[in-house]
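Peer 1: Handing you a structure now.
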Amino acid sequence: MSLHVECGQAGLGSQTGTDMPTEIANSLAWSETVAVAGTTSNSVPVSNGSTYILALTAEVDMWVAIAASPNAAANPRRRLKAGLTRWFSASAGLKVAWSLT
């Protein structure tokens, strides 16, 4: 069981006419796999005018939270389905946590 998190600079792409954030090629700030329920050791870097995006991919169904001190066992949190990747725009200092309950 694990959660893989990638953090990179965000740009805008387009899908069916709606602007969606996408990661800019060669802009990866960090990548981390959290193997047991818990929190990333990395956080979103301080921005110099750039917007960052987090890509979260779950190995199993889990709860995730994104905050300066996230707690995925309590609200606010989101359900992340196994095998799916979800993208979130994120500001400096934010971390990601996951939990099964």
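Please note that chains go A, B, ... in the order of the structure tokens, that every chain numbers its residues from 1, and that ligands are numbered from 1 in the order shown.
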Give me, as a ChimeraX atom specification, the residues of chain A that a backbone DSSP run labels strand (DSSP E).

Peer 2: /A:3-15,18-34,38-39,52-58,62-67,78-80,85-90,95-99

Peer 1: By how many Å are atom CA of Trp98 of chain A and atom CA of Ala72 of chain A apart?

Peer 2: 5.1 Å

Peer 1: Using only C-alpha atoms, which protein or nucleic acid residues come within 8 Å of segment 37-48 of chain A? Drop anything in the same chain fewer than 4 positions from it, and give the result as an NGL selection string.

Peer 2: :A and (2 or 7 or 29-30 or 32-33 or 52 or 70 or 90-100)

Peer 1: Quick one: everything within 10 Å of Asn75 of chain A, counting only C-alpha atoms, minus sequence neighbours fewer than 5 positions away in the same chain. Send it as a list in words.

Peer 2: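 The contact residues come out as Trp63, Val64, Ala65 and Pro70 of chain A.
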
Peer 1: If you keep N, CA and C atoms, can you produce a file of those selected residues as a PDB file, in the first residue's frame?

Peer 2:
ATOM      1  N   TRP A  63      -7.892   7.648   1.743  1.00  0.00           N
ATOM      2  CA  TRP A  63      -8.235   9.036   2.008  1.00  0.00           C
ATOM      3  C   TRP A  63      -6.961   9.853   1.933  1.00  0.00           C
ATOM      4  N   VAL A  64      -7.047  11.068   1.361  1.00  0.00           N
ATOM      5  CA  VAL A  64      -5.892  11.956   1.291  1.00  0.00           C
ATOM      6  C   VAL A  64      -6.288  13.350   1.773  1.00  0.00           C
ATOM      7  N   ALA A  65      -5.314  14.036   2.333  1.00  0.00           N
ATOM      8  CA  ALA A  65      -5.506  15.418   2.770  1.00  0.00           C
ATOM      9  C   ALA A  65      -4.296  16.222   2.322  1.00  0.00           C
ATOM     10  N   PRO A  70      -1.352  18.165   7.270  1.00  0.00           N
ATOM     11  CA  PRO A  70      -2.514  17.380   6.862  1.00  0.00           C
ATOM     12  C   PRO A  70      -2.807  16.200   7.784  1.00  0.00           C
TER      13      PRO A  70
END

Peer 1: Pick from A:Thr57, A:Thr51, A:Asn26, A:Thr101: nearest to Ala10 of chain A, with only C-alpha atoms counted?

Peer 2: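 Looking at the shortest contact to Ala10 of chain A, the residue is A:Thr51.
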
Peer 1: Just give me the gap between atom CA of Val34 of chain A and atom CA of Val60 of chain A in Å, one decimal is fine.

Peer 2: 12.3 Å

Peer 1: Skip Arg86 of chain A itself and residues of its chain fewer than 4 positions away, then list as an MDAnalysis selection string all residues within 8 Å of it, counting only C-alpha atoms.

Peer 2: chainID A and resid 55:57 80
